[in-house]
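Raw contents of model_0.csv, CSV, C-alpha atoms:
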chain,number,residue,atom,x,y,z
A,1,MET,CA,1.9,-45.3,-187.0
A,2,HIS,CA,4.4,-48.1,-187.5
A,3,TYR,CA,4.2,-47.6,-191.3
A,4,LEU,CA,5.4,-44.0,-190.8
A,5,ILE,CA,8.2,-45.0,-188.5
A,6,SER,CA,9.4,-47.7,-190.9
A,7,ILE,CA,9.3,-45.3,-193.9
A,8,VAL,CA,11.3,-42.8,-191.8
A,9,GLY,CA,13.7,-45.6,-191.0
A,10,LEU,CA,14.0,-46.5,-194.8
A,11,ILE,CA,14.8,-42.9,-195.6
A,12,ILE,CA,17.5,-42.8,-192.9
A,13,VAL,CA,19.1,-46.0,-194.2
A,14,LEU,CA,19.3,-44.6,-197.7
A,15,LEU,CA,20.6,-41.3,-196.4
A,16,LEU,CA,23.3,-43.2,-194.4
A,17,ALA,CA,24.3,-45.0,-197.5
A,18,TRP,CA,24.3,-41.8,-199.5
A,19,LEU,CA,26.6,-40.0,-196.9
A,20,ALA,CA,29.2,-42.8,-197.3
A,21,SER,CA,29.0,-42.8,-201.1
A,22,ASN,CA,32.2,-42.7,-203.1
A,23,ASP,CA,30.7,-40.6,-205.9
A,24,LYS,CA,27.2,-39.2,-205.3
A,25,LYS,CA,26.9,-37.8,-208.8
A,26,LYS,CA,27.1,-41.3,-210.3
A,27,ILE,CA,24.2,-42.8,-208.3
A,28,LYS,CA,21.4,-44.2,-210.4
A,29,TYR,CA,18.2,-43.6,-208.6
A,30,ARG,CA,15.8,-45.3,-210.9
A,31,PRO,CA,17.1,-48.9,-210.4
A,32,ILE,CA,17.2,-48.2,-206.6
A,33,ILE,CA,13.5,-47.3,-206.6
A,34,VAL,CA,12.7,-50.3,-208.7
A,35,MET,CA,14.6,-52.7,-206.5
A,36,ILE,CA,12.9,-51.3,-203.3
A,37,ALA,CA,9.5,-51.8,-205.0
A,38,VAL,CA,10.6,-55.4,-205.9
A,39,GLN,CA,11.6,-56.0,-202.3
A,40,ILE,CA,8.2,-54.9,-201.1
A,41,VAL,CA,6.3,-56.9,-203.7
A,42,LEU,CA,8.4,-60.1,-203.0
A,43,GLY,CA,8.0,-59.6,-199.3
A,44,LEU,CA,4.2,-59.4,-199.6
A,45,LEU,CA,4.2,-62.4,-201.9
A,46,ILE,CA,6.2,-64.5,-199.4
A,47,LEU,CA,4.5,-63.5,-196.2
A,48,LYS,CA,1.0,-62.4,-197.2
A,49,THR,CA,-0.3,-64.6,-200.0
A,50,SER,CA,-1.4,-68.2,-200.2
A,51,ILE,CA,1.2,-68.7,-203.1
A,52,GLY,CA,3.9,-67.5,-200.7
A,53,GLU,CA,2.7,-69.8,-198.0
A,54,PHE,CA,2.7,-72.7,-200.4
A,55,LEU,CA,6.2,-72.0,-201.6
A,56,ILE,CA,7.6,-71.5,-198.1
A,57,THR,CA,5.9,-74.7,-196.9
A,58,GLY,CA,7.4,-76.6,-199.8
A,59,PHE,CA,10.8,-75.0,-199.2
A,60,ALA,CA,10.7,-75.7,-195.4
A,61,ASP,CA,9.5,-79.3,-195.9
A,62,SER,CA,12.3,-79.9,-198.4
A,63,PHE,CA,14.9,-78.7,-195.9
A,64,SER,CA,13.2,-80.7,-193.2
A,65,LYS,CA,13.5,-83.8,-195.2
A,66,LEU,CA,17.1,-83.0,-196.1
A,67,LEU,CA,17.9,-82.5,-192.4
A,68,GLY,CA,16.2,-85.8,-191.7
A,69,TYR,CA,18.5,-87.5,-194.2
A,70,ALA,CA,21.5,-85.7,-192.6
A,71,ASN,CA,20.4,-86.9,-189.2
A,72,GLU,CA,20.6,-90.5,-190.4
A,73,GLY,CA,24.3,-90.1,-190.8
A,74,ILE,CA,24.6,-88.1,-187.5
A,75,ASN,CA,22.8,-90.8,-185.5
A,76,PHE,CA,24.9,-93.5,-187.1
A,77,VAL,CA,28.1,-91.9,-185.9
A,78,PHE,CA,27.0,-90.1,-182.7
A,79,GLY,CA,23.9,-92.1,-181.7
A,80,GLY,CA,23.7,-92.5,-177.9
A,81,ILE,CA,25.9,-89.5,-177.1
A,82,ALA,CA,23.0,-87.1,-176.7
A,83,ASN,CA,20.3,-87.8,-174.1
A,84,GLU,CA,17.0,-89.0,-175.5
A,85,GLY,CA,14.9,-86.1,-176.4
A,86,ALA,CA,17.8,-83.6,-176.0
A,87,HIS,CA,18.6,-81.2,-178.7
A,88,THR,CA,22.4,-80.9,-178.9
A,89,PHE,CA,23.4,-77.8,-180.9
A,90,PHE,CA,26.6,-79.3,-182.4
A,91,LEU,CA,24.9,-82.5,-183.5
A,92,PHE,CA,21.5,-81.2,-184.8
A,93,VAL,CA,22.4,-77.7,-186.0
A,94,LEU,CA,26.1,-77.8,-187.0
A,95,MET,CA,26.6,-81.4,-188.2
A,96,PRO,CA,23.9,-81.1,-190.9
A,97,ILE,CA,26.2,-78.6,-192.6
A,98,VAL,CA,28.3,-81.5,-193.7
A,99,PHE,CA,25.4,-83.1,-195.5
A,100,MET,CA,24.3,-79.9,-197.1
A,101,SER,CA,27.8,-79.2,-198.3
A,102,ALA,CA,28.0,-82.6,-199.9
A,103,LEU,CA,24.7,-82.0,-201.7
A,104,ILE,CA,25.9,-78.6,-203.0
A,105,GLY,CA,29.0,-80.4,-204.3
A,106,ILE,CA,26.9,-82.9,-206.2
A,107,LEU,CA,24.9,-80.1,-207.8
A,108,GLN,CA,28.1,-78.3,-208.7
A,109,HIS,CA,29.7,-81.4,-210.1
A,110,TYR,CA,26.8,-82.0,-212.5
A,111,LYS,CA,26.8,-78.3,-213.5
A,112,ILE,CA,23.3,-77.7,-212.2
A,113,LEU,CA,24.1,-74.9,-209.8
A,114,PRO,CA,26.4,-73.0,-212.2
A,115,PHE,CA,23.6,-73.0,-214.8
A,116,ILE,CA,21.1,-71.7,-212.2
A,117,ILE,CA,23.4,-69.1,-210.8
A,118,LYS,CA,24.5,-67.8,-214.3
A,119,TYR,CA,21.0,-67.2,-215.6
A,120,ILE,CA,19.5,-65.8,-212.4
A,121,GLY,CA,22.5,-63.4,-212.4
A,122,LEU,CA,21.8,-62.4,-216.0
A,123,VAL,CA,18.1,-61.6,-215.1
A,124,LEU,CA,19.1,-59.6,-212.0
A,125,SER,CA,21.7,-57.6,-214.0
A,126,LYS,CA,18.8,-56.2,-216.1
A,127,ILE,CA,17.0,-55.1,-212.9
A,128,ASN,CA,19.8,-53.7,-210.9
A,129,GLY,CA,21.7,-51.8,-213.6
A,130,MET,CA,25.0,-53.3,-212.5
A,131,GLY,CA,27.4,-55.6,-214.2
A,132,LYS,CA,26.9,-59.3,-215.0
A,133,LEU,CA,29.8,-60.3,-212.8
A,134,GLU,CA,28.3,-58.4,-209.8
A,135,SER,CA,24.9,-60.1,-210.3
A,136,TYR,CA,26.5,-63.5,-210.8
A,137,ASN,CA,28.6,-63.1,-207.7
A,138,ALA,CA,25.6,-62.1,-205.5
A,139,VAL,CA,23.6,-65.2,-206.5
A,140,ALA,CA,26.6,-67.4,-206.2
A,141,ALA,CA,27.5,-66.1,-202.7
A,142,ALA,CA,23.9,-66.8,-201.6
A,143,ILE,CA,24.3,-70.4,-202.7
A,144,VAL,CA,27.9,-71.6,-202.3
A,145,GLY,CA,29.1,-69.2,-199.5
A,146,GLN,CA,31.1,-66.0,-199.0
A,147,ASN,CA,34.5,-67.8,-199.3
A,148,GLU,CA,33.9,-70.3,-202.1
A,149,VAL,CA,32.3,-67.6,-204.4
A,150,PHE,CA,35.7,-65.9,-204.9
A,151,ILE,CA,37.2,-69.2,-206.1
A,152,SER,CA,34.7,-69.4,-208.9
A,153,VAL,CA,35.7,-65.9,-210.3
A,154,LYS,CA,39.4,-66.1,-209.5
A,155,ASN,CA,40.4,-65.6,-213.2
A,156,GLN,CA,39.0,-62.1,-213.0
A,157,LEU,CA,39.8,-61.3,-209.4
A,158,GLY,CA,43.3,-59.9,-210.0
A,159,LEU,CA,42.0,-57.7,-212.8
A,160,LEU,CA,39.2,-56.0,-210.9
A,161,PRO,CA,39.4,-52.3,-209.9
A,162,LYS,CA,38.8,-51.4,-206.3
A,163,HIS,CA,35.2,-50.3,-206.8
A,164,ARG,CA,34.1,-53.6,-208.4
A,165,LEU,CA,36.0,-55.6,-205.8
A,166,TYR,CA,34.1,-53.8,-203.1
A,167,THR,CA,30.7,-54.7,-204.6
A,168,LEU,CA,31.7,-58.4,-204.9
A,169,CYS,CA,32.8,-58.5,-201.2
A,170,ALA,CA,29.8,-56.6,-200.0
A,171,SER,CA,27.5,-59.1,-201.7
A,172,ALA,CA,29.3,-62.0,-200.0
A,173,MET,CA,29.0,-60.4,-196.6
A,174,SER,CA,25.3,-59.4,-197.1
A,175,THR,CA,24.1,-63.0,-197.8
A,176,VAL,CA,24.4,-66.4,-196.3
A,177,SER,CA,25.2,-69.7,-197.9
A,178,MET,CA,22.6,-72.4,-198.6
A,179,SER,CA,24.7,-75.0,-196.7
A,180,ILE,CA,23.7,-73.4,-193.4
A,181,VAL,CA,20.2,-72.3,-194.2
A,182,GLY,CA,18.9,-75.6,-192.8
A,183,SER,CA,20.7,-74.8,-189.6
A,184,TYR,CA,19.0,-71.4,-189.4
A,185,MET,CA,15.6,-73.0,-189.9
A,186,THR,CA,16.1,-75.1,-186.8
A,187,MET,CA,16.1,-71.9,-184.8
A,188,LEU,CA,14.0,-69.4,-186.8
A,189,GLU,CA,10.7,-69.6,-188.7
A,190,PRO,CA,11.5,-70.8,-192.2
A,191,ARG,CA,9.4,-68.0,-193.9
A,192,TYR,CA,11.6,-65.3,-192.3
A,193,VAL,CA,14.8,-67.2,-193.4
A,194,VAL,CA,13.5,-67.3,-197.0
A,195,ALA,CA,12.4,-63.7,-196.9
A,196,ALA,CA,15.8,-62.6,-195.7
A,197,LEU,CA,17.6,-64.5,-198.4
A,198,ILE,CA,15.6,-62.8,-201.1
A,199,LEU,CA,15.5,-59.3,-199.6
A,200,ASN,CA,19.2,-59.3,-198.8
A,201,LEU,CA,20.0,-60.2,-202.4
A,202,PHE,CA,18.3,-57.0,-203.6
A,203,GLY,CA,19.3,-55.0,-200.6
A,204,GLY,CA,23.0,-55.7,-201.4
A,205,PHE,CA,22.5,-54.2,-204.8
A,206,ILE,CA,20.7,-51.2,-203.5
A,207,VAL,CA,23.2,-50.3,-200.8
A,208,SER,CA,26.2,-51.0,-203.0
A,209,SER,CA,24.8,-48.9,-205.9
A,210,ILE,CA,24.6,-46.0,-203.5
A,211,ILE,CA,27.8,-46.4,-201.5
A,212,ASN,CA,29.8,-47.5,-204.5
A,213,PRO,CA,28.3,-46.3,-207.8
A,214,TYR,CA,30.1,-46.9,-211.1
A,215,GLU,CA,29.7,-47.7,-214.7
A,216,VAL,CA,30.7,-51.0,-216.3
A,217,THR,CA,31.6,-50.8,-220.0
A,218,PRO,CA,30.5,-53.5,-222.4
A,219,GLU,CA,34.1,-54.7,-222.7
A,220,GLU,CA,34.3,-55.1,-218.9
A,221,ASP,CA,30.8,-56.7,-218.6
A,222,ILE,CA,31.8,-60.3,-218.7
A,223,VAL,CA,31.8,-63.3,-216.4
A,224,GLU,CA,34.6,-65.8,-216.5
A,225,VAL,CA,33.7,-68.6,-214.2
A,226,GLN,CA,36.6,-70.8,-213.1
A,227,GLU,CA,35.9,-74.4,-213.9
A,228,GLU,CA,37.0,-76.8,-211.1
A,229,GLY,CA,39.8,-79.2,-211.9
A,230,LYS,CA,38.6,-82.5,-213.3
A,231,GLN,CA,37.7,-84.8,-210.4
A,232,THR,CA,36.0,-88.1,-210.2
A,233,PHE,CA,32.6,-88.0,-208.4
A,234,PHE,CA,34.0,-89.5,-205.2
A,235,GLU,CA,37.0,-87.2,-205.1
A,236,MET,CA,34.6,-84.3,-205.3
A,237,LEU,CA,32.3,-85.7,-202.8
A,238,GLY,CA,35.0,-86.3,-200.2
A,239,GLU,CA,36.3,-82.8,-200.7
A,240,TYR,CA,32.9,-81.2,-200.1
A,241,ILE,CA,32.2,-83.4,-197.1
A,242,MET,CA,35.5,-82.3,-195.6
A,243,ASP,CA,34.8,-78.7,-196.4
A,244,GLY,CA,31.4,-78.9,-194.7
A,245,PHE,CA,33.0,-80.5,-191.7
A,246,LYS,CA,35.6,-77.7,-191.5
A,247,VAL,CA,32.8,-75.1,-191.6
A,248,ALA,CA,30.9,-76.9,-188.8
A,249,ILE,CA,34.0,-77.2,-186.6
A,250,ILE,CA,35.0,-73.6,-187.2
A,251,VAL,CA,31.5,-72.3,-186.4
A,252,GLY,CA,31.4,-74.5,-183.3
A,253,VAL,CA,34.8,-73.3,-182.1
A,254,MET,CA,33.9,-69.7,-182.7
A,255,LEU,CA,30.7,-70.2,-180.7
A,256,ILE,CA,32.6,-71.7,-177.8
A,257,GLY,CA,34.9,-68.6,-177.7
A,258,PHE,CA,32.3,-65.9,-178.4
A,259,VAL,CA,29.6,-67.3,-176.0
A,260,GLY,CA,32.3,-67.7,-173.3
A,261,ILE,CA,33.8,-64.3,-173.7
A,262,ILE,CA,30.3,-62.6,-173.8
A,263,ALA,CA,29.4,-64.5,-170.6
A,264,LEU,CA,32.6,-63.2,-169.0
A,265,ILE,CA,32.0,-59.6,-170.1
A,266,ASN,CA,28.3,-59.8,-169.0
A,267,GLY,CA,29.5,-61.1,-165.6
A,268,VAL,CA,32.0,-58.2,-165.2
A,269,PHE,CA,29.5,-55.6,-166.3
A,270,SER,CA,26.8,-57.0,-164.0
A,271,GLY,CA,29.3,-57.1,-161.0
A,272,ILE,CA,30.4,-53.5,-161.6
A,273,PHE,CA,27.5,-51.7,-163.1
A,274,GLY,CA,24.5,-53.9,-162.2
A,275,ILE,CA,23.7,-54.5,-165.8
A,276,SER,CA,25.0,-56.9,-168.4
A,277,PHE,CA,27.1,-55.9,-171.4
A,278,GLN,CA,24.3,-57.1,-173.7
A,279,GLY,CA,21.9,-55.0,-171.7
A,280,VAL,CA,24.1,-51.9,-172.3
A,281,LEU,CA,24.2,-52.7,-176.0
A,282,GLY,CA,20.4,-53.1,-176.0
A,283,TYR,CA,20.0,-49.5,-174.9
A,284,VAL,CA,22.6,-48.4,-177.5
A,285,PHE,CA,20.8,-50.2,-180.3
A,286,ALA,CA,17.2,-49.5,-179.1
A,287,PRO,CA,16.7,-46.5,-181.3
A,288,ILE,CA,17.8,-48.5,-184.4
A,289,ALA,CA,15.4,-51.3,-183.5
A,290,PHE,CA,12.6,-48.7,-183.1
A,291,LEU,CA,13.3,-47.1,-186.4
A,292,ILE,CA,13.2,-50.5,-188.2
A,293,GLY,CA,9.7,-51.1,-186.8
A,294,VAL,CA,10.1,-52.8,-183.4
A,295,PRO,CA,7.6,-51.5,-180.8
A,296,TRP,CA,9.4,-49.2,-178.3
A,297,ASN,CA,8.6,-51.5,-175.3
A,298,GLU,CA,10.6,-54.3,-177.0
A,299,ALA,CA,13.3,-52.1,-178.6
A,300,VAL,CA,15.9,-52.7,-175.9
A,301,THR,CA,15.5,-56.4,-176.0
A,302,ALA,CA,15.6,-56.5,-179.8
A,303,GLY,CA,18.6,-54.1,-179.8
A,304,SER,CA,20.6,-56.4,-177.6
A,305,ILE,CA,20.1,-59.3,-180.0
A,306,MET,CA,21.0,-57.1,-183.0
A,307,ALA,CA,24.1,-55.8,-181.3
A,308,THR,CA,25.2,-59.4,-180.4
A,309,LYS,CA,25.0,-60.4,-184.0
A,310,LEU,CA,27.2,-57.5,-185.1
A,311,VAL,CA,29.9,-57.9,-182.5
A,312,ALA,CA,29.8,-61.8,-182.4
A,313,ASN,CA,28.0,-63.6,-185.2
A,314,GLU,CA,24.5,-64.6,-186.2
A,315,PHE,CA,24.6,-68.0,-184.5
A,316,VAL,CA,25.4,-66.5,-181.1
A,317,ALA,CA,22.6,-64.0,-181.6
A,318,MET,CA,20.1,-66.7,-182.7
A,319,LEU,CA,20.9,-68.8,-179.6
A,320,ASP,CA,20.0,-65.8,-177.4
A,321,PHE,CA,17.0,-65.0,-179.5
A,322,VAL,CA,15.6,-68.5,-179.3
A,323,LYS,CA,15.5,-68.2,-175.5
A,324,ILE,CA,13.3,-65.0,-175.5
A,325,GLN,CA,11.3,-64.9,-178.8
A,326,ASP,CA,8.2,-66.5,-177.3
A,327,GLY,CA,7.9,-63.4,-175.1
A,328,LEU,CA,8.1,-61.0,-178.0
A,329,SER,CA,5.4,-59.8,-180.4
A,330,GLY,CA,5.1,-61.4,-183.8
A,331,ARG,CA,6.2,-58.2,-185.4
A,332,THR,CA,9.4,-58.0,-183.4
A,333,THR,CA,10.1,-61.7,-184.0
A,334,ALA,CA,9.7,-61.2,-187.8
A,335,ILE,CA,11.9,-58.0,-187.9
A,336,VAL,CA,14.7,-59.4,-185.7
A,337,SER,CA,14.7,-62.8,-187.5
A,338,VAL,CA,15.3,-61.2,-190.9
A,339,PHE,CA,17.9,-58.9,-189.5
A,340,LEU,CA,19.9,-61.9,-188.2
A,341,ILE,CA,20.1,-63.7,-191.5
A,342,SER,CA,23.4,-62.4,-192.9
A,343,PHE,CA,27.2,-62.6,-192.4
A,344,ALA,CA,27.4,-58.9,-191.4
A,345,ASN,CA,29.7,-59.0,-188.4
A,346,PHE,CA,33.2,-58.0,-187.5
A,347,GLY,CA,34.5,-61.6,-187.9
A,348,SER,CA,33.4,-61.7,-191.5
A,349,ILE,CA,35.9,-58.9,-192.4
A,350,GLY,CA,38.7,-61.3,-191.6
A,351,THR,CA,37.0,-64.2,-193.3
A,352,ILE,CA,36.5,-62.3,-196.6
A,353,VAL,CA,40.0,-60.7,-196.5
A,354,GLY,CA,41.5,-64.1,-195.9
A,355,ALA,CA,39.5,-65.7,-198.8
A,356,VAL,CA,40.5,-63.0,-201.3
A,357,LYS,CA,44.1,-62.8,-200.0
A,358,GLY,CA,44.5,-66.6,-200.5
A,359,LEU,CA,43.7,-66.1,-204.2
A,360,ASN,CA,45.4,-62.8,-204.8
A,361,GLU,CA,47.7,-61.1,-202.2
A,362,LYS,CA,47.4,-57.6,-203.7
A,363,GLN,CA,43.6,-57.7,-203.9
A,364,GLY,CA,43.4,-59.1,-200.4
A,365,ASN,CA,45.3,-56.1,-199.1
A,366,ILE,CA,42.9,-53.8,-200.9
A,367,VAL,CA,39.9,-55.5,-199.3
A,368,ALA,CA,41.5,-55.2,-195.9
A,369,ARG,CA,41.7,-51.4,-196.3
A,370,PHE,CA,37.9,-51.0,-196.9
A,371,GLY,CA,36.9,-53.8,-194.4
A,372,LEU,CA,35.0,-51.5,-192.1
A,373,LYS,CA,33.2,-49.9,-195.0
A,374,LEU,CA,32.2,-53.4,-196.1
A,375,LEU,CA,30.7,-54.1,-192.7
A,376,TYR,CA,28.9,-50.7,-192.7
A,377,GLY,CA,27.3,-51.5,-196.0
A,378,ALA,CA,26.4,-55.1,-195.1
A,379,THR,CA,24.8,-53.9,-191.9
A,380,LEU,CA,22.7,-51.3,-193.7
A,381,VAL,CA,21.5,-54.2,-196.0
A,382,SER,CA,20.4,-56.2,-192.9
A,383,VAL,CA,18.6,-53.0,-191.5
A,384,LEU,CA,17.0,-52.4,-194.9
A,385,SER,CA,15.6,-55.9,-195.2
A,386,ALA,CA,14.3,-55.7,-191.6
A,387,ILE,CA,12.6,-52.4,-192.4
A,388,ILE,CA,10.9,-53.9,-195.5
A,389,ILE,CA,9.5,-56.7,-193.3
A,390,GLY,CA,8.4,-54.0,-190.8
A,391,ILE,CA,6.5,-52.2,-193.6
A,392,ILE,CA,4.7,-55.3,-194.9
A,393,PHE,CA,4.1,-57.2,-191.6

Output the file's structure in the form of structure tokens.
Amino acid sequence: MHYLISIVGLIIVLLLAWLASNDKKKIKYRPIIVMIAVQIVLGLLILKTSIGEFLITGFADSFSKLLGYANEGINFVFGGIANEGAHTFFLFVLMPIVFMSALIGILQHYKILPFIIKYIGLVLSKINGMGKLESYNAVAAAIVGQNEVFISVKNQLGLLPKHRLYTLCASAMSTVSMSIVGSYMTMLEPRYVVAALILNLFGGFIVSSIINPYEVTPEEDIVEVQEEGKQTFFEMLGEYIMDGFKVAIIVGVMLIGFVGIIALINGVFSGIFGISFQGVLGYVFAPIAFLIGVPWNEAVTAGSIMATKLVANEFVAMLDFVKIQDGLSGRTTAIVSVFLISFANFGSIGTIVGAVKGLNEKQGNIVARFGLKLLYGATLVSVLSAIIIGIIF
């Protein structure tokens, strides 16, 4: 029965994307079908085979070791602040972002990441039927982050028409950066984190090619990656360490504000209506949770977590999810975990607009105009990835 529900959910997601399409006549259906099939095959490979288990274990172990190295620096600076055995969110979830950012900087400095991103992007462009720039951008966003990716293509940014700009921004909002993947793995099962990273990559192409279909001419189909200014190794390292620290602080400050505000609203709603605000959102999102494969008896709880991610951010939702996931079925845990792994929330609209505007004022204003449509598409990507997990679980 759950297969039928998930398939109905898949059809509804594709229909919702189709209804929002800029030009329904230009939609290429063959690449969409191929990419959905690729999602299912990759999902099965990751979650249902010994090869997938081996790869996930290796990936998780690698990140575990990296977090261990990060903790060496954290303990050196903050040792003794946290109570013995305590798990302080700021120290053990946010501070490792500094180390991961430094590691990404090293890989960038020695041209390892640009090489990987470029050629994976070229392969993907053959599958998705989209331009090389769009494919490069999607892979780059998943590695370096939704803000930094625009810096790497800033030479082309001012020349891009509105429709191509939408696809680039949608890819950035639909993915997450590798610098915070380790943080996610401290709260969610690594296999679901990895599955979401891969499924969202293809999901972003699927939804964008329906909502925003267009042709890229051979003359337009180029990628001009901005080379960073010549820096010494230690100049670069210091810059990336500071960037990682800024991200950690910003996330921490946002969490203080969002968690506090949500607690306030929950208190007001509980006092007046006898039910929390998140409880209300749970009922609103319960049908969506059910359609992506969550059992009906857990749909309200799952819907509440999903809504929290949309109105706040994924970290706030994960903190709430960690408290209750032991009481949920494995199926619900898998579906909700995958749904949470993306930057699809209202705050990301401002983040992306700011990133683009900082590089090109005119293009930033254009992005601001289709900000809600960006969020709509990115949310459909998260729902699509969760449905694929529901089908194969």

Taking only C-alpha atoms into account, name the residue in A:Leu45, A:Leu201, A:Val247, A:Ile261 that is nearest to Glu148 in chain A. A:Val247

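If you measure from each of A:Thr332, A:Thr88, A:Ser171, A:Ser152 to Met306 in chain A using all atoms listed in the file, the closest one turns out to be A:Thr332.
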
Counting all atoms listed in the file, figure out which residue out of A:Val98, A:Ser177, A:Ile143, A:Ala196 gets nearest to Leu113 in chain A.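 Closest to Leu113 in chain A, using all atoms listed in the file: A:Ile143.
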
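The residue that comes closest to Met95 in chain A, out of A:Glu361, A:Glu189, A:Glu314, A:Asp243 and on the basis of all atoms listed in the file, is A:Asp243.
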
Skipping near chain neighbours, those fewer than 6 positions away, what residues fall within 12 Å of Ser183 in chain A using all atoms listed in the file, listed as JSON, numbers by chain? {"A": [60, 63, 64, 66, 67, 70, 89, 90, 91, 92, 93, 94, 95, 96, 97, 98, 99, 100, 176, 177, 189, 190, 193, 248, 251, 314, 315, 318, 319, 341]}

Using all atoms listed in the file, which residue out of A:Gly377, A:Gly244, A:Gly43, A:Gly260 lies closest to Ile349 in chain A?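 Nearest candidate to Ile349 in chain A out of A:Gly377, A:Gly244, A:Gly43, A:Gly260: A:Gly377.
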
Closest-contact table, range 210-288 of chain A side, partner range 105-110 of chain A, 9 Å, counting all atoms listed in the file, as a Markdown table:
| residue | atom | partner | partner_atom | distance |
| --- | --- | --- | --- | --- |
| A:Glu228 | CA | A:His109 | CA | 8.7 |
| A:Gln231 | CA | A:His109 | CA | 8.7 |
| A:Phe233 | CA | A:His109 | CA | 7.4 |
| A:Met236 | CA | A:Gly105 | CA | 6.9 |
| A:Leu237 | CA | A:Gly105 | CA | 6.4 |
| A:Glu239 | CA | A:Gly105 | CA | 8.5 |
| A:Tyr240 | CA | A:Gly105 | CA | 5.8 |
| A:Ile241 | CA | A:Gly105 | CA | 8.4 |

Next, dump the selected residues to file, keeping only C-alpha atoms, as a JSON list (two decimals), in the coordinates of the input.
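Final output, saved to out-v9.json:
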[["chain", "number", "residue", "atom", "x", "y", "z"],
["A", 228, "GLU", "CA", 37.00, -76.80, -211.10],
["A", 231, "GLN", "CA", 37.70, -84.80, -210.40],
["A", 233, "PHE", "CA", 32.60, -88.00, -208.40],
["A", 236, "MET", "CA", 34.60, -84.30, -205.30],
["A", 237, "LEU", "CA", 32.30, -85.70, -202.80],
["A", 239, "GLU", "CA", 36.30, -82.80, -200.70],
["A", 240, "TYR", "CA", 32.90, -81.20, -200.10],
["A", 241, "ILE", "CA", 32.20, -83.40, -197.10]]

Contacts of Lys126 in chain A at 12 Å (only C-alpha atoms; same-chain gap of 3+ positions) as a count of residues only: 15
